[in-house]
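Okay, input_17.cif is below, mmCIF, C-alpha atoms and all ligand atoms:
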```
data_final
#
loop_
_atom_site.group_PDB
_atom_site.id
_atom_site.type_symbol
_atom_site.label_atom_id
_atom_site.label_comp_id
_atom_site.auth_asym_id
_atom_site.auth_seq_id
_atom_site.Cartn_x
_atom_site.Cartn_y
_atom_site.Cartn_z
ATOM 1 C CA MET A 1 -36.401 21.291 8.928
ATOM 2 C CA LEU A 2 -37.530 23.435 6.028
ATOM 3 C CA LYS A 3 -34.631 24.571 3.903
ATOM 4 C CA ILE A 4 -34.845 26.948 0.957
ATOM 5 C CA LEU A 5 -31.984 27.548 -1.448
ATOM 6 C CA VAL A 6 -32.328 30.671 -3.566
ATOM 7 C CA LEU A 7 -31.060 29.556 -6.961
ATOM 8 C CA GLY A 8 -31.995 32.739 -8.817
ATOM 9 C CA SER A 9 -33.127 36.001 -7.230
ATOM 10 C CA ALA A 10 -33.570 38.171 -10.346
ATOM 11 C CA ALA A 11 -36.615 38.710 -12.545
ATOM 12 C CA GLY A 12 -36.731 37.830 -16.250
ATOM 13 C CA GLY A 13 -33.500 38.890 -17.975
ATOM 14 C CA GLY A 14 -31.347 38.429 -14.855
ATOM 15 C CA TYR A 15 -28.944 41.034 -13.499
ATOM 16 C CA PRO A 16 -27.179 42.579 -15.265
ATOM 17 C CA GLN A 17 -29.360 41.871 -18.304
ATOM 18 C CA TRP A 18 -27.331 40.941 -21.404
ATOM 19 C CA ASN A 19 -28.538 43.847 -23.566
ATOM 20 C CA CYS A 20 -29.231 46.460 -20.906
ATOM 21 C CA ASN A 21 -27.300 49.595 -20.068
ATOM 22 C CA CYS A 22 -29.720 51.069 -17.550
ATOM 23 C CA GLU A 23 -28.244 52.754 -14.474
ATOM 24 C CA THR A 24 -28.080 49.569 -12.407
ATOM 25 C CA CYS A 25 -26.903 47.216 -15.182
ATOM 26 C CA LYS A 26 -24.205 49.634 -16.349
ATOM 27 C CA GLY A 27 -23.345 50.563 -12.769
ATOM 28 C CA HIS A 28 -22.740 46.887 -11.995
ATOM 29 C CA ARG A 29 -20.571 46.277 -15.065
ATOM 30 C CA GLU A 30 -18.470 49.358 -14.383
ATOM 31 C CA LYS A 31 -18.282 48.441 -10.671
ATOM 32 C CA ARG A 32 -19.654 51.868 -9.784
ATOM 33 C CA ILE A 33 -22.343 50.456 -7.501
ATOM 34 C CA ASN A 34 -22.272 47.906 -4.709
ATOM 35 C CA SER A 35 -24.301 45.106 -6.250
ATOM 36 C CA THR A 36 -24.185 41.362 -6.858
ATOM 37 C CA ALA A 37 -25.060 39.671 -10.167
ATOM 38 C CA ARG A 38 -28.199 37.580 -10.064
ATOM 39 C CA THR A 39 -29.641 34.772 -12.181
ATOM 40 C CA GLN A 40 -33.298 34.313 -13.038
ATOM 41 C CA SER A 41 -36.064 33.384 -10.643
ATOM 42 C CA SER A 42 -35.948 29.939 -9.015
ATOM 43 C CA ILE A 43 -35.724 28.318 -5.581
ATOM 44 C CA ALA A 44 -35.167 24.772 -4.338
ATOM 45 C CA VAL A 45 -36.897 23.389 -1.246
ATOM 46 C CA SER A 46 -35.938 20.418 0.926
ATOM 47 C CA SER A 47 -36.459 18.916 4.357
ATOM 48 C CA ASP A 48 -33.404 16.654 4.359
ATOM 49 C CA GLY A 49 -30.892 18.604 2.252
ATOM 50 C CA THR A 50 -30.653 15.726 -0.264
ATOM 51 C CA ASN A 51 -34.005 15.535 -2.027
ATOM 52 C CA TRP A 52 -35.141 18.850 -3.474
ATOM 53 C CA LEU A 53 -38.253 20.269 -5.045
ATOM 54 C CA LEU A 54 -37.272 22.738 -7.745
ATOM 55 C CA VAL A 55 -39.760 25.603 -7.727
ATOM 56 C CA ASN A 56 -39.601 27.245 -11.160
ATOM 57 C CA ALA A 57 -37.073 26.194 -13.804
ATOM 58 C CA SER A 58 -35.089 29.208 -14.954
ATOM 59 C CA PRO A 59 -33.141 29.536 -18.218
ATOM 60 C CA ASP A 60 -30.064 29.906 -15.964
ATOM 61 C CA ILE A 61 -30.581 26.485 -14.369
ATOM 62 C CA GLY A 62 -27.245 25.108 -15.630
ATOM 63 C CA GLN A 63 -25.278 27.852 -13.892
ATOM 64 C CA GLN A 64 -27.481 27.629 -10.808
ATOM 65 C CA LEU A 65 -26.933 23.896 -10.379
ATOM 66 C CA ARG A 66 -23.180 24.333 -10.852
ATOM 67 C CA GLN A 67 -23.227 26.993 -8.119
ATOM 68 C CA CYS A 68 -25.241 24.901 -5.660
ATOM 69 C CA GLN A 69 -23.346 21.657 -5.050
ATOM 70 C CA GLN A 70 -26.092 20.501 -2.670
ATOM 71 C CA LEU A 71 -28.287 19.727 -5.661
ATOM 72 C CA GLN A 72 -25.857 17.059 -6.845
ATOM 73 C CA PRO A 73 -25.830 14.280 -4.216
ATOM 74 C CA ALA A 74 -23.893 11.915 -6.553
ATOM 75 C CA ARG A 75 -25.557 8.710 -5.341
ATOM 76 C CA SER A 76 -25.094 7.063 -8.712
ATOM 77 C CA LEU A 77 -23.404 7.628 -12.082
ATOM 78 C CA ARG A 78 -26.317 9.695 -13.373
ATOM 79 C CA ASP A 79 -28.031 11.488 -10.485
ATOM 80 C CA THR A 80 -29.666 14.725 -9.397
ATOM 81 C CA GLY A 81 -30.968 16.181 -6.164
ATOM 82 C CA ILE A 82 -34.066 17.362 -8.046
ATOM 83 C CA THR A 83 -36.922 15.039 -7.147
ATOM 84 C CA ALA A 84 -39.712 17.037 -8.805
ATOM 85 C CA VAL A 85 -40.457 20.446 -10.297
ATOM 86 C CA MET A 86 -43.235 22.848 -9.327
ATOM 87 C CA LEU A 87 -44.208 25.872 -11.427
ATOM 88 C CA MET A 88 -45.817 29.074 -10.151
ATOM 89 C CA ASP A 89 -46.773 30.177 -13.664
ATOM 90 C CA SER A 90 -45.785 29.562 -17.283
ATOM 91 C CA GLN A 91 -43.540 32.643 -17.676
ATOM 92 C CA ILE A 92 -40.383 32.219 -19.776
ATOM 93 C CA ASP A 93 -38.110 32.902 -16.778
ATOM 94 C CA HIS A 94 -39.845 30.138 -14.802
ATOM 95 C CA THR A 95 -40.148 27.426 -17.427
ATOM 96 C CA THR A 96 -37.455 27.447 -20.119
ATOM 97 C CA GLY A 97 -35.056 25.645 -17.744
ATOM 98 C CA LEU A 98 -37.211 22.552 -18.226
ATOM 99 C CA LEU A 99 -35.452 22.038 -21.569
ATOM 100 C CA SER A 100 -32.150 21.682 -19.704
ATOM 101 C CA LEU A 101 -33.583 18.855 -17.597
ATOM 102 C CA ARG A 102 -34.292 16.681 -20.657
ATOM 103 C CA GLU A 103 -31.509 14.200 -19.811
ATOM 104 C CA HIS A 104 -33.372 13.115 -16.660
ATOM 105 C CA HIS A 105 -33.211 9.318 -16.310
ATOM 106 C CA LYS A 106 -36.978 8.965 -15.841
ATOM 107 C CA ARG A 107 -40.174 10.886 -16.473
ATOM 108 C CA LEU A 108 -39.876 14.272 -14.794
ATOM 109 C CA PRO A 109 -42.635 14.939 -12.230
ATOM 110 C CA ILE A 110 -44.012 18.451 -12.876
ATOM 111 C CA TYR A 111 -46.574 20.075 -10.586
ATOM 112 C CA CYS A 112 -48.547 22.936 -12.134
ATOM 113 C CA THR A 113 -52.089 24.165 -12.659
ATOM 114 C CA ARG A 114 -54.259 23.229 -15.632
ATOM 115 C CA MET A 115 -53.823 26.748 -17.075
ATOM 116 C CA VAL A 116 -50.014 26.557 -16.872
ATOM 117 C CA HIS A 117 -50.134 23.071 -18.397
ATOM 118 C CA GLN A 118 -52.243 24.481 -21.232
ATOM 119 C CA ASP A 119 -49.689 27.242 -21.985
ATOM 120 C CA LEU A 120 -46.844 24.712 -21.845
ATOM 121 C CA THR A 121 -48.554 22.454 -24.371
ATOM 122 C CA THR A 122 -49.725 25.237 -26.749
ATOM 123 C CA GLY A 123 -48.066 28.711 -26.804
ATOM 124 C CA PHE A 124 -44.763 27.256 -25.546
ATOM 125 C CA PRO A 125 -45.111 23.477 -26.031
ATOM 126 C CA VAL A 126 -42.103 22.510 -23.890
ATOM 127 C CA LEU A 127 -43.977 19.621 -22.266
ATOM 128 C CA ASN A 128 -44.772 18.155 -25.700
ATOM 129 C CA MET A 129 -41.121 18.540 -26.659
ATOM 130 C CA LEU A 130 -39.934 16.794 -23.489
ATOM 131 C CA GLU A 131 -41.964 13.743 -24.514
ATOM 132 C CA HIS A 132 -39.192 13.148 -27.089
ATOM 133 C CA TYR A 133 -36.594 13.169 -24.271
ATOM 134 C CA CYS A 134 -37.222 12.226 -20.615
ATOM 135 C CA GLY A 135 -41.017 12.640 -20.715
ATOM 136 C CA VAL A 136 -43.166 14.381 -18.149
ATOM 137 C CA ASP A 137 -45.335 13.120 -15.342
ATOM 138 C CA TRP A 138 -47.819 16.001 -14.929
ATOM 139 C CA GLN A 139 -49.406 16.382 -11.500
ATOM 140 C CA GLU A 140 -52.196 18.914 -11.538
ATOM 141 C CA ILE A 141 -52.222 21.615 -8.864
ATOM 142 C CA ASP A 142 -55.846 22.347 -8.091
ATOM 143 C CA CYS A 143 -56.120 25.443 -5.927
ATOM 144 C CA ASN A 144 -59.468 24.262 -4.584
ATOM 145 C CA GLN A 145 -57.822 21.196 -3.060
ATOM 146 C CA PRO A 146 -56.264 21.252 0.409
ATOM 147 C CA ALA A 147 -52.517 21.056 1.010
ATOM 148 C CA PHE A 148 -50.747 18.212 -0.801
ATOM 149 C CA SER A 149 -47.435 16.430 -0.491
ATOM 150 C CA VAL A 150 -44.838 15.563 -3.120
ATOM 151 C CA PRO A 151 -43.553 11.958 -3.109
ATOM 152 C CA GLY A 152 -39.854 11.918 -2.220
ATOM 153 C CA ILE A 153 -40.018 15.275 -0.423
ATOM 154 C CA ASP A 154 -40.717 14.114 3.101
ATOM 155 C CA ASN A 155 -42.294 16.110 5.924
ATOM 156 C CA LEU A 156 -43.298 19.065 3.761
ATOM 157 C CA GLU A 157 -46.740 20.015 2.533
ATOM 158 C CA PHE A 158 -47.720 22.500 -0.126
ATOM 159 C CA GLU A 159 -50.749 24.759 -0.105
ATOM 160 C CA PRO A 160 -51.407 26.537 -3.412
ATOM 161 C CA LEU A 161 -53.214 29.844 -3.686
ATOM 162 C CA MET A 162 -54.648 31.617 -6.719
ATOM 163 C CA ILE A 163 -53.285 35.146 -6.966
ATOM 164 C CA ASP A 164 -53.609 38.243 -9.120
ATOM 165 C CA SER A 165 -50.890 38.381 -11.759
ATOM 166 C CA LYS A 166 -50.631 37.777 -15.508
ATOM 167 C CA ALA A 167 -50.276 34.998 -18.056
ATOM 168 C CA PRO A 168 -47.116 35.440 -20.191
ATOM 169 C CA PRO A 169 -47.063 37.502 -23.392
ATOM 170 C CA TYR A 170 -46.957 34.295 -25.517
ATOM 171 C CA SER A 171 -49.990 32.762 -23.801
ATOM 172 C CA PRO A 172 -53.082 32.276 -25.994
ATOM 173 C CA HIS A 173 -55.022 33.981 -23.146
ATOM 174 C CA ARG A 174 -52.617 36.777 -22.188
ATOM 175 C CA HIS A 175 -55.448 39.348 -22.123
ATOM 176 C CA ASP A 176 -58.066 36.985 -20.753
ATOM 177 C CA PRO A 177 -56.994 36.075 -17.189
ATOM 178 C CA HIS A 178 -57.983 32.695 -15.763
ATOM 179 C CA PRO A 179 -57.741 31.371 -12.199
ATOM 180 C CA GLY A 180 -54.550 29.337 -12.009
ATOM 181 C CA ASP A 181 -52.502 31.431 -14.465
ATOM 182 C CA ASN A 182 -50.349 32.351 -11.471
ATOM 183 C CA ILE A 183 -50.195 30.852 -8.031
ATOM 184 C CA ALA A 184 -48.398 31.421 -4.768
ATOM 185 C CA ILE A 185 -47.422 28.530 -2.532
ATOM 186 C CA THR A 186 -47.259 28.048 1.220
ATOM 187 C CA ILE A 187 -44.616 25.448 2.054
ATOM 188 C CA ARG A 188 -45.064 23.943 5.508
ATOM 189 C CA ASP A 189 -42.836 21.717 7.626
ATOM 190 C CA THR A 190 -45.363 19.170 8.896
ATOM 191 C CA THR A 191 -43.172 18.343 11.912
ATOM 192 C CA SER A 192 -42.679 21.859 13.288
ATOM 193 C CA GLY A 193 -45.644 23.563 11.596
ATOM 194 C CA SER A 194 -43.366 26.383 10.361
ATOM 195 C CA SER A 195 -43.986 27.724 6.886
ATOM 196 C CA VAL A 196 -42.782 29.939 4.057
ATOM 197 C CA PHE A 197 -45.039 31.850 1.664
ATOM 198 C CA TYR A 198 -43.472 32.083 -1.809
ATOM 199 C CA SER A 199 -44.833 34.373 -4.492
ATOM 200 C CA PRO A 200 -42.367 35.767 -7.057
ATOM 201 C CA GLY A 201 -45.137 37.257 -9.222
ATOM 202 C CA LEU A 202 -47.719 39.009 -7.105
ATOM 203 C CA GLY A 203 -49.807 41.634 -8.879
ATOM 204 C CA GLY A 204 -51.830 42.627 -5.853
ATOM 205 C CA LEU A 205 -53.039 41.302 -2.530
ATOM 206 C CA GLN A 206 -56.538 39.989 -1.933
ATOM 207 C CA ASP A 207 -58.026 38.962 1.425
ATOM 208 C CA SER A 208 -57.102 35.341 0.643
ATOM 209 C CA THR A 209 -53.489 36.361 -0.069
ATOM 210 C CA ARG A 210 -53.237 38.284 3.195
ATOM 211 C CA ALA A 211 -54.772 35.367 5.117
ATOM 212 C CA ALA A 212 -52.144 32.980 3.744
ATOM 213 C CA MET A 213 -49.348 35.465 4.444
ATOM 214 C CA LYS A 214 -50.510 35.955 8.042
ATOM 215 C CA THR A 215 -49.848 32.305 8.908
ATOM 216 C CA ALA A 216 -46.320 32.210 7.437
ATOM 217 C CA ASP A 217 -43.029 32.449 9.358
ATOM 218 C CA CYS A 218 -41.259 33.838 6.317
ATOM 219 C CA LEU A 219 -42.500 35.765 3.286
ATOM 220 C CA LEU A 220 -40.582 35.412 0.046
ATOM 221 C CA VAL A 221 -42.418 37.822 -2.208
ATOM 222 C CA ASP A 222 -42.373 39.801 -5.449
ATOM 223 C CA GLY A 223 -39.564 42.367 -5.445
ATOM 224 C CA THR A 224 -39.632 43.125 -9.181
ATOM 225 C CA THR A 225 -39.736 46.925 -9.251
ATOM 226 C CA TRP A 226 -39.433 49.867 -6.879
ATOM 227 C CA THR A 227 -41.936 52.028 -8.770
ATOM 228 C CA ASN A 228 -44.792 51.040 -11.047
ATOM 229 C CA ASP A 229 -43.402 53.112 -13.955
ATOM 230 C CA GLU A 230 -39.773 52.038 -13.461
ATOM 231 C CA MET A 231 -39.343 50.638 -16.988
ATOM 232 C CA GLN A 232 -40.402 54.037 -18.340
ATOM 233 C CA THR A 233 -38.377 56.220 -15.965
ATOM 234 C CA ARG A 234 -35.276 54.080 -16.586
ATOM 235 C CA GLY A 235 -35.950 54.514 -20.298
ATOM 236 C CA VAL A 236 -35.925 50.787 -21.102
ATOM 237 C CA GLY A 237 -39.582 50.049 -21.867
ATOM 238 C CA SER A 238 -43.149 51.249 -21.812
ATOM 239 C CA LYS A 239 -44.860 48.590 -19.689
ATOM 240 C CA LEU A 240 -46.016 49.316 -16.166
ATOM 241 C CA ALA A 241 -45.148 46.754 -13.491
ATOM 242 C CA SER A 242 -48.883 46.340 -12.888
ATOM 243 C CA GLU A 243 -49.379 45.453 -16.563
ATOM 244 C CA MET A 244 -46.851 42.658 -16.106
ATOM 245 C CA GLY A 245 -48.559 41.405 -12.942
ATOM 246 C CA HIS A 246 -46.173 42.848 -10.362
ATOM 247 C CA LEU A 247 -46.912 45.077 -7.370
ATOM 248 C CA ALA A 248 -44.248 47.780 -6.990
ATOM 249 C CA GLN A 249 -42.562 48.292 -3.621
ATOM 250 C CA SER A 250 -42.838 52.029 -2.968
ATOM 251 C CA GLY A 251 -45.842 54.282 -2.638
ATOM 252 C CA SER A 252 -49.314 53.987 -1.265
ATOM 253 C CA GLY A 253 -50.602 50.408 -1.431
ATOM 254 C CA GLY A 254 -47.130 49.199 -2.467
ATOM 255 C CA MET A 255 -45.386 46.058 -1.219
ATOM 256 C CA ILE A 256 -43.521 47.879 1.578
ATOM 257 C CA GLU A 257 -46.771 49.216 2.993
ATOM 258 C CA GLU A 258 -48.342 45.740 2.702
ATOM 259 C CA LEU A 259 -45.379 44.109 4.435
ATOM 260 C CA SER A 260 -45.530 46.584 7.325
ATOM 261 C CA HIS A 261 -48.459 44.522 8.647
ATOM 262 C CA TYR A 262 -46.327 41.404 9.169
ATOM 263 C CA THR A 263 -43.757 40.793 11.886
ATOM 264 C CA CYS A 264 -42.251 37.595 10.427
ATOM 265 C CA ARG A 265 -39.100 37.405 8.277
ATOM 266 C CA LYS A 266 -39.661 39.300 5.016
ATOM 267 C CA ILE A 267 -37.557 38.830 1.882
ATOM 268 C CA LEU A 268 -37.963 40.322 -1.595
ATOM 269 C CA ILE A 269 -37.195 38.027 -4.526
ATOM 270 C CA HIS A 270 -37.527 38.217 -8.369
ATOM 271 C CA ILE A 271 -35.751 41.605 -8.533
ATOM 272 C CA ASN A 272 -35.783 43.319 -11.922
ATOM 273 C CA ASN A 273 -32.456 44.651 -13.224
ATOM 274 C CA THR A 274 -33.841 48.210 -13.192
ATOM 275 C CA ASN A 275 -34.638 48.171 -9.464
ATOM 276 C CA PRO A 276 -32.482 50.608 -7.423
ATOM 277 C CA ILE A 277 -32.529 48.201 -4.429
ATOM 278 C CA LEU A 278 -29.915 46.139 -6.308
ATOM 279 C CA ASP A 279 -27.414 48.764 -5.136
ATOM 280 C CA ALA A 280 -26.774 47.750 -1.524
ATOM 281 C CA ASP A 281 -25.760 51.342 -0.697
ATOM 282 C CA SER A 282 -28.849 52.977 -2.193
ATOM 283 C CA GLN A 283 -31.287 55.097 -0.261
ATOM 284 C CA GLN A 284 -34.045 52.663 -1.294
ATOM 285 C CA ARG A 285 -32.107 49.781 0.230
ATOM 286 C CA ARG A 286 -31.688 51.738 3.456
ATOM 287 C CA LEU A 287 -35.418 52.238 3.563
ATOM 288 C CA LEU A 288 -35.931 48.479 3.254
ATOM 289 C CA GLN A 289 -33.461 47.879 6.078
ATOM 290 C CA GLU A 290 -35.401 50.260 8.304
ATOM 291 C CA GLN A 291 -38.514 48.217 7.532
ATOM 292 C CA HIS A 292 -36.650 44.930 8.274
ATOM 293 C CA ILE A 293 -37.131 43.760 4.688
ATOM 294 C CA GLU A 294 -34.311 41.668 3.193
ATOM 295 C CA VAL A 295 -33.343 41.360 -0.475
ATOM 296 C CA ALA A 296 -32.666 37.830 -1.734
ATOM 297 C CA GLU A 297 -29.346 36.940 -3.346
ATOM 298 C CA ASP A 298 -28.355 33.869 -5.353
ATOM 299 C CA THR A 299 -27.132 30.925 -3.188
ATOM 300 C CA MET A 300 -28.835 32.404 -0.106
ATOM 301 C CA GLU A 301 -30.036 29.696 2.289
ATOM 302 C CA ILE A 302 -33.129 30.137 4.374
ATOM 303 C CA VAL A 303 -33.739 27.621 7.149
ATOM 304 C CA ILE A 304 -37.064 27.784 8.951
HETATM 305 C C1 LIG B 401 -42.397 38.637 -15.562
HETATM 306 O O1 LIG B 401 -42.208 38.171 -14.435
HETATM 307 O O2 LIG B 401 -43.101 39.634 -15.738
HETATM 308 C C2 LIG B 401 -41.799 37.941 -16.733
HETATM 309 O O3 LIG B 401 -41.013 36.900 -16.294
HETATM 310 C C3 LIG B 401 -41.027 38.835 -17.630
HETATM 311 C C4 LIG B 401 -40.245 38.053 -18.635
HETATM 312 O O4 LIG B 401 -40.586 36.937 -19.010
HETATM 313 O O5 LIG B 401 -39.227 38.579 -19.089
HETATM 314 MN MN MN B 402 -40.729 36.776 -14.071
HETATM 315 ZN ZN ZN B 403 -30.932 47.046 -16.796
#
```
Same coordinates, now as structure tokens:
Amino acid sequence: MLKILVLGSAAGGGYPQWNCNCETCKGHREKRINSTARTQSSIAVSSDGTNWLLVNASPDIGQQLRQCQQLQPARSLRDTGITAVMLMDSQIDHTTGLLSLREHHKRLPIYCTRMVHQDLTTGFPVLNMLEHYCGVDWQEIDCNQPAFSVPGIDNLEFEPLMIDSKAPPYSPHRHDPHPGDNIAITIRDTTSGSSVFYSPGLGGLQDSTRAAMKTADCLLVDGTTWTNDEMQTRGVGSKLASEMGHLAQSGSGGMIEELSHYTCRKILIHINNTNPILDADSQQRRLLQEQHIEVAEDTMEIVI
């Protein structure tokens, strides 16, 4: 069995975002639209429902763990269902939750690329800081290596893939992209062969990305914005989605068009608070339904 728990389905800032009064954030607060609140980007993966790999550690991790009882197996006085942590990038919404894991009773196994490790020991030195608490057992993800396993997470293998996206604004090499700044991961059940492709920050698709997606039984991909200039048209910022390393859904060459080539289960995740698809009754959401594309929600369970 391959089980995925969506801990947080929103992009950085969550939904509604604390300081935002855009149409969707305000609409949610005033209950004018049909939408569900969402915490920031993270999933948990397991084959046995007891031992979990946390993929991305969101600043909302405390709330997420309280909401998902399955991650607390209570086998001893101090216990957690989190066996190890894997990071897709070093973005704030994917890494600041590591600080909340500092009470771990042993060194925390963290799987990430060399570039992510560099950011997390320089621009945002959270791994250095954790050395004063639980400590970290860094396991390098090398995208040139074949699929690997994670001790304690039985019957699953992980195949990393370098993708187009962006290092975070705080990164010493924000404007100087390196392979390994952002990865996607194929998670495969070694017993059944079934797999999920997870990529919450996908700036564009290359042949290698499409090849990995073709073999998956479920795609869990970047659903950040509907249009590339959404931050501008919603009046909340000047950055294009593409400048932040995200491929917008609509339009020519957008995520919807890309996904039309796949017949497997398709789910958008990492939804920005400005995205009109957050309103379940929106015309944009109807369009997704017609294309058989789902929108992830917090606590959603995906069993493959
Ligand atoms: C992103 O995915 O572009 C970032 O997480 C944005 C952020 O950190 O707020
Ligand atoms: Mn993000
Ligand atoms: Zn907003």
Given the file shown, determine the residues that the PyMOL selection byres (((not hetatm)) within 10 of (chain B and resi 403)) selects; report them as a PDB file with C-alpha atoms, keeping the file's coordinate frame.
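Result written to part_21.pdb:
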```pdb
ATOM      1  CA  GLY A  13     -33.500  38.890 -17.975  1.00  0.00           C
ATOM      2  CA  GLY A  14     -31.347  38.429 -14.855  1.00  0.00           C
ATOM      3  CA  TYR A  15     -28.944  41.034 -13.499  1.00  0.00           C
ATOM      4  CA  PRO A  16     -27.179  42.579 -15.265  1.00  0.00           C
ATOM      5  CA  GLN A  17     -29.360  41.871 -18.304  1.00  0.00           C
ATOM      6  CA  TRP A  18     -27.331  40.941 -21.404  1.00  0.00           C
ATOM      7  CA  ASN A  19     -28.538  43.847 -23.566  1.00  0.00           C
ATOM      8  CA  CYS A  20     -29.231  46.460 -20.906  1.00  0.00           C
ATOM      9  CA  ASN A  21     -27.300  49.595 -20.068  1.00  0.00           C
ATOM     10  CA  CYS A  22     -29.720  51.069 -17.550  1.00  0.00           C
ATOM     11  CA  GLU A  23     -28.244  52.754 -14.474  1.00  0.00           C
ATOM     12  CA  THR A  24     -28.080  49.569 -12.407  1.00  0.00           C
ATOM     13  CA  CYS A  25     -26.903  47.216 -15.182  1.00  0.00           C
ATOM     14  CA  LYS A  26     -24.205  49.634 -16.349  1.00  0.00           C
ATOM     15  CA  GLY A  27     -23.345  50.563 -12.769  1.00  0.00           C
ATOM     16  CA  HIS A  28     -22.740  46.887 -11.995  1.00  0.00           C
ATOM     17  CA  MET A 231     -39.343  50.638 -16.988  1.00  0.00           C
ATOM     18  CA  ARG A 234     -35.276  54.080 -16.586  1.00  0.00           C
ATOM     19  CA  GLY A 235     -35.950  54.514 -20.298  1.00  0.00           C
ATOM     20  CA  VAL A 236     -35.925  50.787 -21.102  1.00  0.00           C
ATOM     21  CA  ASN A 272     -35.783  43.319 -11.922  1.00  0.00           C
ATOM     22  CA  ASN A 273     -32.456  44.651 -13.224  1.00  0.00           C
ATOM     23  CA  THR A 274     -33.841  48.210 -13.192  1.00  0.00           C
ATOM     24  CA  ASN A 275     -34.638  48.171  -9.464  1.00  0.00           C
TER      25      ASN A 275
END
```
Exercise. Return the single residue from A:Asn56, A:Ser90, A:Thr50, A:Gln139 that is closest to Leu71 (chain A), with distances computed using only C-alpha atoms.
Key: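 Selected residue with least distance to Leu71 (chain A): A:Thr50.
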Query raised in the report: Suppose you want the space between CA of Asp189 (chain A) and CA of Leu156 (chain A); what is it in Å?
Result: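 Separating CA of Asp189 (chain A) from CA of Leu156 (chain A) is a distance of 4.7 Å.
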request  = Would you work out the distance separating CA of Ser35 (chain A) from CA of Leu240 (chain A), expressed in Å to one decimal?
outcome  =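 Taking CA of Ser35 (chain A) as the start and CA of Leu240 (chain A) as the end point, the length is 24.2 Å.
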*Write out as JSON, numbers by chain each polymer residue (protein, DNA or RNA) that has an atom no more than 8 Å from ligand LIG 401 (chain B), with only C-alpha atoms and all ligand atoms counted.*
{"A": [11, 12, 13, 91, 92, 93, 94, 166, 168, 169, 200, 201, 224, 241, 244, 245, 246, 270]}
